[in-house]
>>> print(open('input19.cif').read())   # mmCIF, C-alpha atoms
data_final
#
loop_
_atom_site.label_atom_id
_atom_site.label_comp_id
_atom_site.auth_asym_id
_atom_site.auth_seq_id
_atom_site.Cartn_x
_atom_site.Cartn_y
_atom_site.Cartn_z
CA MET C 1 -36.91 -109.65 78.45
CA LEU C 2 -37.63 -107.44 81.43
CA PHE C 3 -40.97 -105.67 81.86
CA ILE C 4 -41.31 -102.70 84.20
CA GLY C 5 -44.34 -100.83 85.48
CA ASP C 6 -43.67 -97.26 86.64
CA ASP C 7 -46.46 -95.50 88.56
CA TRP C 8 -45.21 -91.94 88.83
CA ALA C 9 -46.04 -89.16 91.26
CA GLU C 10 -44.59 -85.71 91.72
CA ASP C 11 -41.87 -86.80 94.14
CA HIS C 12 -41.57 -90.57 93.75
CA HIS C 13 -42.04 -93.58 91.48
CA ASP C 14 -43.44 -96.99 92.41
CA VAL C 15 -41.81 -99.56 90.13
CA GLU C 16 -42.14 -103.29 89.64
CA LEU C 17 -39.86 -105.52 87.57
CA MET C 18 -41.38 -108.59 85.92
CA ASP C 19 -39.71 -111.35 83.88
CA ALA C 20 -40.96 -113.00 80.69
CA SER C 21 -43.00 -115.53 82.66
CA GLY C 22 -44.88 -112.83 84.54
CA ARG C 23 -43.02 -113.44 87.80
CA ARG C 24 -42.26 -110.41 89.97
CA LEU C 25 -38.52 -109.92 90.33
CA ALA C 26 -38.44 -106.77 92.42
CA LYS C 27 -40.46 -103.75 93.45
CA ALA C 28 -39.56 -100.48 95.12
CA ARG C 29 -40.54 -96.88 95.72
CA LEU C 30 -37.89 -94.64 94.17
CA PRO C 31 -37.41 -90.91 94.71
CA GLU C 32 -37.74 -88.53 91.77
CA GLY C 33 -34.44 -87.34 90.32
CA ILE C 34 -30.93 -88.69 89.81
CA ALA C 35 -30.95 -90.81 92.95
CA GLY C 36 -34.12 -92.60 91.87
CA ILE C 37 -33.08 -93.21 88.27
CA THR C 38 -29.70 -94.51 89.44
CA ARG C 39 -31.40 -97.03 91.73
CA LEU C 40 -33.68 -98.10 88.87
CA HIS C 41 -30.67 -98.72 86.61
CA ALA C 42 -29.10 -100.76 89.40
CA MET C 43 -32.27 -102.85 89.85
CA ILE C 44 -32.37 -103.51 86.10
CA GLY C 45 -28.71 -104.50 86.08
CA THR C 46 -29.24 -106.93 88.94
CA ALA C 47 -32.31 -108.48 87.28
CA LEU C 48 -30.58 -108.97 83.92
CA GLY C 49 -27.15 -109.93 85.29
CA ASP C 50 -23.99 -107.88 85.47
CA ASP C 51 -22.23 -109.89 82.75
CA ILE C 52 -24.52 -108.71 79.94
CA ASP C 53 -23.51 -105.85 77.63
CA ALA C 54 -25.12 -102.51 78.55
CA ASP C 55 -26.63 -101.91 75.11
CA ALA C 56 -27.96 -105.46 74.91
CA ALA C 57 -29.44 -105.11 78.38
CA ALA C 58 -31.22 -101.88 77.52
CA ALA C 59 -32.76 -103.48 74.43
CA GLN C 60 -34.40 -106.13 76.63
CA VAL C 61 -36.20 -103.60 78.87
CA LYS C 62 -39.77 -102.46 78.26
CA ILE C 63 -41.31 -99.85 80.55
CA GLY C 64 -44.93 -98.74 80.89
CA ILE C 65 -45.62 -95.32 82.39
CA GLU C 66 -48.65 -93.00 82.25
CA THR C 67 -46.83 -89.99 80.82
CA ASP C 68 -44.65 -89.12 77.83
CA ARG C 69 -42.74 -86.11 79.11
CA GLY C 70 -40.46 -84.89 81.87
CA PRO C 71 -36.80 -85.44 82.82
CA TRP C 72 -37.49 -88.95 84.18
CA VAL C 73 -39.00 -90.16 80.90
CA GLN C 74 -36.19 -88.55 78.92
CA ALA C 75 -33.66 -90.37 81.13
CA LEU C 76 -35.39 -93.70 80.42
CA VAL C 77 -35.29 -93.06 76.68
CA ALA C 78 -31.66 -91.92 76.83
CA ALA C 79 -30.75 -95.19 78.57
CA GLY C 80 -32.03 -97.09 75.53
CA TYR C 81 -35.10 -98.64 77.16
CA THR C 82 -38.31 -99.07 75.17
CA VAL C 83 -40.81 -96.76 76.84
CA TYR C 84 -44.56 -97.12 76.34
CA PRO C 85 -46.51 -93.98 77.37
CA VAL C 86 -49.81 -95.57 78.42
CA ASN C 87 -52.99 -93.55 78.09
CA PRO C 88 -54.58 -93.20 81.57
CA LEU C 89 -57.93 -94.31 80.10
CA GLN C 90 -56.31 -97.52 78.82
CA ALA C 91 -54.69 -98.05 82.21
CA ALA C 92 -58.02 -97.62 84.00
CA ARG C 93 -59.69 -100.19 81.76
CA TYR C 94 -56.79 -102.64 82.21
CA ARG C 95 -56.94 -102.15 86.00
CA GLU C 96 -60.57 -103.33 85.95
CA ARG C 97 -59.45 -106.41 84.06
CA LEU C 98 -57.11 -107.34 86.91
CA ALA C 99 -59.29 -106.30 89.86
CA VAL C 100 -63.07 -106.10 89.54
CA SER C 101 -63.24 -104.70 93.06
CA ARG C 102 -61.64 -101.48 91.70
CA ALA C 103 -59.12 -101.54 94.52
CA LYS C 104 -56.26 -99.17 93.78
CA SER C 105 -52.80 -98.39 95.14
CA ASP C 106 -49.56 -97.07 93.70
CA ALA C 107 -47.84 -100.45 94.06
CA ALA C 108 -50.80 -102.20 92.42
CA ASP C 109 -50.72 -99.71 89.55
CA ALA C 110 -47.01 -100.43 89.02
CA HIS C 111 -47.86 -104.15 88.85
CA MET C 112 -50.70 -103.43 86.43
CA LEU C 113 -48.43 -101.41 84.11
CA ALA C 114 -45.74 -104.10 84.19
CA ASP C 115 -48.32 -106.76 83.32
CA MET C 116 -49.72 -104.51 80.59
CA VAL C 117 -46.40 -104.19 78.74
CA HIS C 118 -45.72 -107.88 79.40
CA THR C 119 -48.92 -109.11 77.76
CA ASP C 120 -49.95 -106.28 75.44
CA SER C 121 -46.83 -104.41 74.36
CA HIS C 122 -47.57 -105.42 70.77
CA GLN C 123 -50.80 -103.40 71.07
CA LEU C 124 -49.09 -100.31 72.52
CA SER C 125 -47.16 -97.62 70.72
CA PRO C 126 -43.61 -96.99 71.93
CA MET C 127 -42.59 -93.44 72.64
CA ALA C 128 -41.98 -91.51 69.44
CA GLY C 129 -38.50 -90.31 68.67
CA ASP C 130 -39.29 -86.64 68.31
CA SER C 131 -36.32 -84.30 68.07
CA ALA C 132 -35.32 -81.71 70.65
CA ASP C 133 -36.23 -79.02 68.10
CA ALA C 134 -39.79 -80.36 67.90
CA GLU C 135 -40.01 -80.48 71.69
CA ALA C 136 -38.90 -76.85 71.87
CA VAL C 137 -41.60 -75.89 69.37
CA LYS C 138 -44.16 -77.76 71.49
CA VAL C 139 -43.15 -75.96 74.68
CA VAL C 140 -43.51 -72.44 73.29
CA THR C 141 -46.58 -73.12 71.16
CA ARG C 142 -48.48 -74.74 74.00
CA MET C 143 -47.73 -71.88 76.36
CA HIS C 144 -48.63 -69.35 73.64
CA LYS C 145 -52.01 -71.04 73.13
CA THR C 146 -52.54 -71.38 76.88
CA LEU C 147 -52.04 -67.65 77.36
CA ILE C 148 -54.50 -66.94 74.53
CA TRP C 149 -57.07 -69.14 76.28
CA GLU C 150 -56.34 -67.35 79.56
CA ARG C 151 -56.82 -64.00 77.84
CA THR C 152 -60.18 -65.14 76.50
CA ARG C 153 -61.27 -66.14 80.01
CA ALA C 154 -60.11 -62.80 81.41
CA VAL C 155 -62.04 -60.92 78.70
CA GLN C 156 -65.19 -62.88 79.56
CA ARG C 157 -64.75 -62.01 83.23
CA LEU C 158 -64.26 -58.36 82.31
CA ARG C 159 -67.36 -58.40 80.11
CA HIS C 160 -69.40 -59.95 82.91
CA ALA C 161 -68.24 -57.34 85.44
CA LEU C 162 -68.95 -54.40 83.12
CA ARG C 163 -72.41 -55.72 82.33
CA GLU C 164 -73.22 -55.72 86.06
CA TYR C 165 -72.35 -52.07 86.78
CA PHE C 166 -71.10 -50.26 83.65
CA PRO C 167 -73.09 -51.37 80.56
CA ALA C 168 -72.13 -48.20 78.70
CA ALA C 169 -68.56 -49.52 78.38
CA LEU C 170 -69.79 -52.57 76.47
CA GLU C 171 -71.63 -50.29 74.07
CA ALA C 172 -68.72 -47.85 73.68
CA PHE C 173 -65.85 -50.32 73.21
CA GLU C 174 -65.87 -53.00 70.50
CA ASP C 175 -62.84 -55.07 71.60
CA LEU C 176 -62.36 -55.38 75.34
CA ASP C 177 -58.80 -56.68 74.99
CA ALA C 178 -57.71 -53.92 72.57
CA ALA C 179 -54.97 -51.55 73.71
CA ASP C 180 -57.14 -48.40 73.49
CA THR C 181 -60.00 -50.02 75.43
CA LEU C 182 -57.69 -51.21 78.20
CA GLN C 183 -56.02 -47.82 78.46
CA LEU C 184 -59.33 -45.97 78.79
CA LEU C 185 -60.76 -48.49 81.28
CA ALA C 186 -57.63 -48.22 83.39
CA LYS C 187 -58.01 -44.43 83.42
CA ALA C 188 -61.79 -44.46 83.96
CA PRO C 189 -63.11 -47.80 85.31
CA ASP C 190 -66.47 -46.43 86.51
CA PRO C 191 -69.35 -44.54 84.82
CA ALA C 192 -68.67 -41.21 86.55
CA SER C 193 -65.00 -40.98 85.63
CA ALA C 194 -65.68 -42.32 82.13
CA ALA C 195 -68.24 -39.57 81.53
CA ARG C 196 -65.52 -36.99 82.31
CA LEU C 197 -63.14 -38.28 79.64
CA SER C 198 -62.37 -35.57 77.12
CA ILE C 199 -62.19 -35.94 73.35
CA SER C 200 -58.42 -35.41 73.48
CA GLN C 201 -57.94 -38.21 76.03
CA ILE C 202 -60.04 -40.62 74.02
CA SER C 203 -58.36 -39.60 70.76
CA ALA C 204 -54.90 -40.08 72.25
CA ALA C 205 -55.74 -43.68 73.21
CA LEU C 206 -57.17 -44.38 69.75
CA LYS C 207 -54.11 -42.94 68.04
CA ARG C 208 -51.73 -45.03 70.15
CA ALA C 209 -53.73 -48.08 69.11
CA ARG C 210 -53.46 -46.95 65.45
CA ARG C 211 -57.20 -46.73 64.92
CA ARG C 212 -58.67 -45.14 61.81
CA ASP C 213 -61.18 -42.30 61.70
CA VAL C 214 -60.12 -41.19 65.17
CA ALA C 215 -62.26 -38.03 65.40
CA ALA C 216 -65.54 -39.78 64.61
CA LYS C 217 -64.81 -42.75 66.87
CA ALA C 218 -63.77 -40.51 69.76
CA ALA C 219 -66.96 -38.49 69.49
CA SER C 220 -69.06 -41.66 69.35
CA ILE C 221 -67.36 -43.17 72.42
CA GLN C 222 -67.76 -39.96 74.41
CA ALA C 223 -71.44 -39.71 73.50
CA VAL C 224 -72.12 -43.25 74.70
CA LEU C 225 -70.18 -42.79 77.94
CA ARG C 226 -72.06 -39.55 78.75
CA ALA C 227 -75.52 -40.92 77.99
CA GLU C 228 -77.93 -42.03 80.73
CA HIS C 229 -77.61 -45.67 81.82
CA LEU C 230 -78.73 -47.84 84.70
CA GLY C 231 -76.15 -48.29 87.43
CA GLN C 232 -75.30 -49.62 90.89
CA PRO C 233 -74.97 -47.90 94.29
CA ALA C 234 -71.72 -45.95 94.71
CA VAL C 235 -70.10 -48.44 97.11
CA VAL C 236 -70.86 -51.37 94.79
CA THR C 237 -69.58 -49.42 91.78
CA THR C 238 -66.33 -48.73 93.64
CA ALA C 239 -65.89 -52.42 94.35
CA TYR C 240 -66.54 -53.36 90.71
CA ALA C 241 -64.12 -50.65 89.53
CA ALA C 242 -61.35 -52.17 91.67
CA SER C 243 -62.05 -55.58 90.12
CA VAL C 244 -61.98 -54.13 86.62
CA ARG C 245 -58.64 -52.40 87.27
CA ALA C 246 -57.18 -55.79 88.25
CA LEU C 247 -58.58 -57.48 85.14
CA VAL C 248 -57.33 -54.67 82.91
CA ALA C 249 -53.81 -54.99 84.37
CA LEU C 250 -53.97 -58.75 83.83
CA LEU C 251 -55.07 -58.33 80.19
CA VAL C 252 -52.32 -55.80 79.50
CA THR C 253 -49.74 -58.30 80.77
CA LEU C 254 -51.30 -61.18 78.84
CA ASN C 255 -51.27 -59.14 75.62
CA GLU C 256 -47.59 -58.38 76.11
CA GLN C 257 -46.65 -61.98 76.83
CA VAL C 258 -48.76 -63.42 73.99
CA LYS C 259 -46.95 -61.10 71.59
CA ALA C 260 -43.54 -61.98 73.05
CA LEU C 261 -44.22 -65.73 72.88
CA GLN C 262 -45.48 -65.43 69.32
CA GLY C 263 -42.00 -64.26 68.36
CA GLN C 264 -40.52 -67.30 70.10
CA VAL C 265 -42.97 -69.60 68.30
CA GLU C 266 -42.06 -68.18 64.91
CA ASP C 267 -38.34 -68.32 65.72
CA HIS C 268 -38.28 -71.96 66.86
CA PHE C 269 -40.62 -73.13 64.12
CA GLY C 270 -38.70 -71.29 61.41
CA ARG C 271 -35.54 -73.26 62.26
CA HIS C 272 -37.24 -76.66 62.04
CA PRO C 273 -36.46 -78.79 58.94
CA ASP C 274 -40.17 -79.51 58.31
CA ALA C 275 -41.21 -75.84 58.43
CA GLU C 276 -41.06 -75.35 54.65
CA ILE C 277 -43.33 -78.33 53.94
CA ILE C 278 -45.81 -77.38 56.66
CA LEU C 279 -45.95 -73.74 55.59
CA SER C 280 -46.70 -74.82 52.03
CA GLN C 281 -49.99 -76.39 53.18
CA PRO C 282 -53.12 -74.29 52.52
CA GLY C 283 -54.41 -72.47 55.57
CA LEU C 284 -51.24 -72.82 57.64
CA GLY C 285 -49.10 -69.87 58.69
CA ALA C 286 -46.18 -69.79 61.09
CA VAL C 287 -48.19 -69.92 64.33
CA LEU C 288 -50.79 -72.44 63.19
CA GLY C 289 -48.13 -74.52 61.44
CA ALA C 290 -46.07 -74.57 64.62
CA ARG C 291 -49.07 -75.89 66.56
CA VAL C 292 -49.60 -78.67 64.02
CA LEU C 293 -45.92 -79.65 64.16
CA ALA C 294 -45.89 -79.50 67.96
CA GLU C 295 -48.87 -81.82 68.40
CA PHE C 296 -48.01 -84.30 65.63
CA GLY C 297 -44.29 -84.38 66.45
CA ASP C 298 -41.56 -84.75 63.84
CA ASP C 299 -40.84 -88.49 64.02
CA HIS C 300 -41.75 -89.52 60.46
CA ASP C 301 -42.02 -93.17 61.54
CA ARG C 302 -44.57 -92.45 64.26
CA TYR C 303 -47.54 -92.71 61.86
CA ALA C 304 -47.20 -95.72 59.58
CA THR C 305 -50.05 -94.59 57.33
CA ALA C 306 -52.12 -91.50 56.62
CA LYS C 307 -55.02 -93.23 58.38
CA ALA C 308 -52.96 -93.57 61.57
CA ARG C 309 -52.19 -89.85 61.51
CA LYS C 310 -55.86 -89.06 60.87
CA ASN C 311 -56.95 -91.29 63.74
CA TYR C 312 -54.55 -89.53 66.10
CA ALA C 313 -55.79 -86.17 64.87
CA ALA C 314 -59.39 -87.32 65.54
CA THR C 315 -60.51 -85.92 62.20
CA SER C 316 -61.43 -89.38 60.90
CA PRO C 317 -64.81 -90.83 61.93
CA ILE C 318 -65.23 -93.78 64.25
CA THR C 319 -67.51 -96.69 63.30
CA ARG C 320 -69.46 -98.78 65.81
CA ALA C 321 -71.07 -101.90 64.35
CA SER C 322 -72.94 -104.66 66.13
CA GLY C 323 -75.33 -107.01 64.39
CA LYS C 324 -77.58 -105.00 62.13
CA LYS C 325 -76.75 -101.73 63.85
CA ARG C 326 -74.00 -99.53 62.44
CA THR C 327 -73.23 -95.93 63.40
CA VAL C 328 -70.54 -93.54 62.23
CA ALA C 329 -69.69 -90.66 64.56
CA ALA C 330 -67.04 -88.05 65.21
CA ARG C 331 -64.25 -88.85 67.66
CA PHE C 332 -64.82 -86.96 70.90
CA VAL C 333 -61.68 -88.20 72.68
CA HIS C 334 -58.95 -86.12 71.10
CA ASN C 335 -56.05 -83.73 71.51
CA ASP C 336 -57.86 -80.41 71.99
CA ARG C 337 -54.92 -78.33 70.80
CA LEU C 338 -54.42 -80.35 67.62
CA ILE C 339 -58.07 -80.51 66.56
CA ASP C 340 -58.40 -76.78 67.21
CA ALA C 341 -55.45 -76.07 64.90
CA LEU C 342 -56.65 -78.44 62.18
CA MET C 343 -60.19 -77.10 62.13
CA THR C 344 -58.82 -73.55 61.93
CA GLN C 345 -56.60 -74.63 59.05
CA ALA C 346 -59.58 -76.17 57.24
CA PHE C 347 -61.57 -72.95 57.60
CA SER C 348 -58.67 -70.85 56.31
CA ALA C 349 -58.08 -73.28 53.41
CA LEU C 350 -61.54 -72.51 52.04
CA LYS C 351 -60.12 -69.24 50.72
CA ALA C 352 -56.53 -70.34 50.15
CA SER C 353 -57.21 -73.48 48.08
CA PRO C 354 -59.73 -73.92 45.22
CA GLY C 355 -59.45 -77.69 45.65
CA ALA C 356 -60.28 -77.46 49.36
CA ARG C 357 -63.23 -75.19 48.61
CA ALA C 358 -64.59 -77.58 45.98
CA TYR C 359 -64.16 -80.56 48.32
CA TYR C 360 -66.01 -78.74 51.12
CA ASP C 361 -68.83 -77.69 48.78
CA ARG C 362 -69.28 -81.30 47.67
CA GLN C 363 -69.67 -82.43 51.27
CA ARG C 364 -72.26 -79.73 51.88
CA ALA C 365 -74.11 -80.71 48.70
CA ARG C 366 -74.32 -84.28 50.03
CA GLY C 367 -76.14 -82.97 53.10
CA ALA C 368 -73.25 -82.71 55.58
CA SER C 369 -73.56 -80.00 58.22
CA TYR C 370 -71.07 -77.14 58.42
CA ASN C 371 -69.03 -78.79 61.18
CA ALA C 372 -69.12 -82.23 59.57
CA ALA C 373 -68.03 -80.87 56.18
CA LEU C 374 -65.23 -78.84 57.77
CA ARG C 375 -64.06 -81.89 59.74
CA GLN C 376 -63.99 -83.97 56.56
CA LEU C 377 -61.94 -81.27 54.87
CA ALA C 378 -59.56 -81.21 57.85
CA ASN C 379 -59.29 -85.00 57.56
CA ARG C 380 -58.37 -84.70 53.88
CA LEU C 381 -55.78 -82.00 54.65
CA VAL C 382 -54.17 -84.23 57.29
CA GLY C 383 -53.77 -86.93 54.65
CA ILE C 384 -52.17 -84.44 52.27
CA LEU C 385 -49.78 -83.26 54.98
CA HIS C 386 -48.85 -86.86 55.77
CA GLY C 387 -48.00 -87.55 52.13
CA CYS C 388 -45.90 -84.40 51.84
CA LEU C 389 -43.94 -85.20 55.02
CA LYS C 390 -43.37 -88.83 54.01
CA THR C 391 -42.07 -87.89 50.57
CA GLY C 392 -40.34 -84.67 51.62
CA THR C 393 -42.20 -82.59 49.03
CA VAL C 394 -44.01 -79.27 49.35
CA TYR C 395 -47.74 -78.93 48.72
CA ASP C 396 -48.96 -78.77 45.13
CA GLU C 397 -52.58 -77.81 44.51
CA ALA C 398 -53.05 -79.91 41.35
CA THR C 399 -51.44 -83.02 42.83
CA ALA C 400 -53.29 -82.76 46.13
CA TRP C 401 -56.74 -82.65 44.59
CA SER C 402 -56.22 -84.45 41.26
CA HIS C 403 -58.08 -87.58 42.38
CA HIS C 404 -61.14 -85.63 43.51
CA LEU C 405 -61.07 -83.35 40.47
CA SER C 406 -60.95 -86.36 38.10
CA LYS C 407 -63.88 -87.98 39.93
CA ALA C 408 -65.88 -84.75 39.69
CA ALA C 409 -65.13 -84.47 35.95
CA ALA C 410 -66.23 -88.06 35.38
#
>>> encode(input="input19.cif", output="structure tokens")
Amino acid sequence: MLFIGDDWAEDHHDVELMDASGRRLAKARLPEGIAGITRLHAMIGTALGDDIDADAAAAQVKIGIETDRGPWVQALVAAGYTVYPVNPLQAARYRERLAVSRAKSDAADAHMLADMVHTDSHQLSPMAGDSADAEAVKVVTRMHKTLIWERTRAVQRLRHALREYFPAALEAFEDLDAADTLQLLAKAPDPASAARLSISQISAALKRARRRDVAAKAASIQAVLRAEHLGQPAVVTTAYAASVRALVALLVTLNEQVKALQGQVEDHFGRHPDAEIILSQPGLGAVLGARVLAEFGDDHDRYATAKARKNYAATSPITRASGKKRTVAARFVHNDRLIDALMTQAFSALKASPGARAYYDRQRARGASYNAALRQLANRLVGILHGCLKTGTVYDEATAWSHHLSKAAA
């Protein structure tokens, strides 16, 4: 067997090759790209011997690296090597095991990763065999969610700016990222110009945004904008207005791109073989289902049990026991995107599934807080999803909750 540590950077990789006895065979700094991966293959060939079959040689190679994505990692997987994507937190703890001084270098990290897969590969999870379709879903869903988060930040910045010099706008407009609000703020980003907006101008923006009861809303907005409010000196107001114009332009673009990417999310997810099963789950639509698929991946052998999937999702509790002391707490180290999607699913399932609602109500009756009960429901839904994916069956309300319903009846 050959064990390799790969400490990656943006433009290079420090690698170390180690044999089964823990002896260093070679080390090098390789450039990123084809030239670097070719040299790595050559180093592996030299270490294993040129007379060995290529497939047999690849099966003897185990590589530890602190990432699970990118062209370099894909090239390692394509070559047939067993790749272990090491969590940086695990790597940091293992580094302390080897050097209590906390000394650190790229070459030392490559040695540490090689030693880690040499001694503890049985404790590590090899890279999952997710399909290219699942990877495509992950790319578009992550960017879609990222843009939504960016839009939220931009809205908060806009709200903060308006509160400082134009509080009437916050009173007049309900949704700062709505099309009609952005159009009117772009036209009149300061109190004086906003007070001059006519009913027809306001109504036109409301109609384009397909608002209801346009006449009443237009009159209400105009009345608020023309009322007396505290303000800032003219030069300060001008500066704030310029900032608001920039934020409005940014939000318009973000709205357009979020909508465009949503179409891509739905398109890629709709073509995936697991889409039907995921969409059958309560509380999951195309966008939320795509996020769940993207973060879990589609390798059905990645999670051996429902508990393993729940642990990765961080919906299951973590127990710490020592002597007479025992505590059960939520997992705070987690995939933010996945837990966000699962908690949203659990909330939506309260209306979509009678079984989910009954399960949640039981947790609340036992004294669980809102968040704790919702997390427990999300944990249960992850288990149901795991069973459906393992057996290739769509969700069935009676089957999913039969155990809990029979216990309640008893």
>>> resolve_selection(input="input19.cif", expression="the PyMOL selection byres ((chain C and resi 118) around 12)", output="ChimeraX atom specification")
/C:1-5,16-24,60-64,84,111-117,119-124
>>> resolve_selection(input="input19.cif", expression="the PyMOL selection byres ((chain C and resi 177) around 9)", output="ChimeraX atom specification")
/C:151-152,154-155,175-176,178-182,248,251-252,255
>>> atom_distance(input="input19.cif", atom1="atom CA of C:Ala306", atom2="atom CA of C:Glu276")
19.7 Å
>>> atom_distance(input="input19.cif", atom1="atom CA of C:Ile148", atom2="atom CA of C:Ala275")
22.7 Å
>>> resolve_selection(input="input19.cif", expression="the PyMOL selection byres ((chain C and resi 278) around 8)", output="PDB file with C-alpha atoms, keeping the file's coordinate frame")
ATOM      1  CA  ASP C 274     -40.170 -79.510  58.310  1.00  0.00           C
ATOM      2  CA  ALA C 275     -41.210 -75.840  58.430  1.00  0.00           C
ATOM      3  CA  GLU C 276     -41.060 -75.350  54.650  1.00  0.00           C
ATOM      4  CA  ILE C 277     -43.330 -78.330  53.940  1.00  0.00           C
ATOM      5  CA  LEU C 279     -45.950 -73.740  55.590  1.00  0.00           C
ATOM      6  CA  SER C 280     -46.700 -74.820  52.030  1.00  0.00           C
ATOM      7  CA  GLN C 281     -49.990 -76.390  53.180  1.00  0.00           C
ATOM      8  CA  LEU C 284     -51.240 -72.820  57.640  1.00  0.00           C
ATOM      9  CA  GLY C 289     -48.130 -74.520  61.440  1.00  0.00           C
ATOM     10  CA  LEU C 293     -45.920 -79.650  64.160  1.00  0.00           C
ATOM     11  CA  LEU C 385     -49.780 -83.260  54.980  1.00  0.00           C
ATOM     12  CA  VAL C 394     -44.010 -79.270  49.350  1.00  0.00           C
TER      13      VAL C 394
END
>>> atom_distance(input="input19.cif", atom1="atom CA of C:Pro189", atom2="atom CA of C:Thr146")
27.2 Å
>>> closest_residue(input="input19.cif", among="C:Glu256, C:Glu32, C:Asp298, C:Asp361", to="C:Leu147", atoms="all atoms listed in the file")
C:Glu256
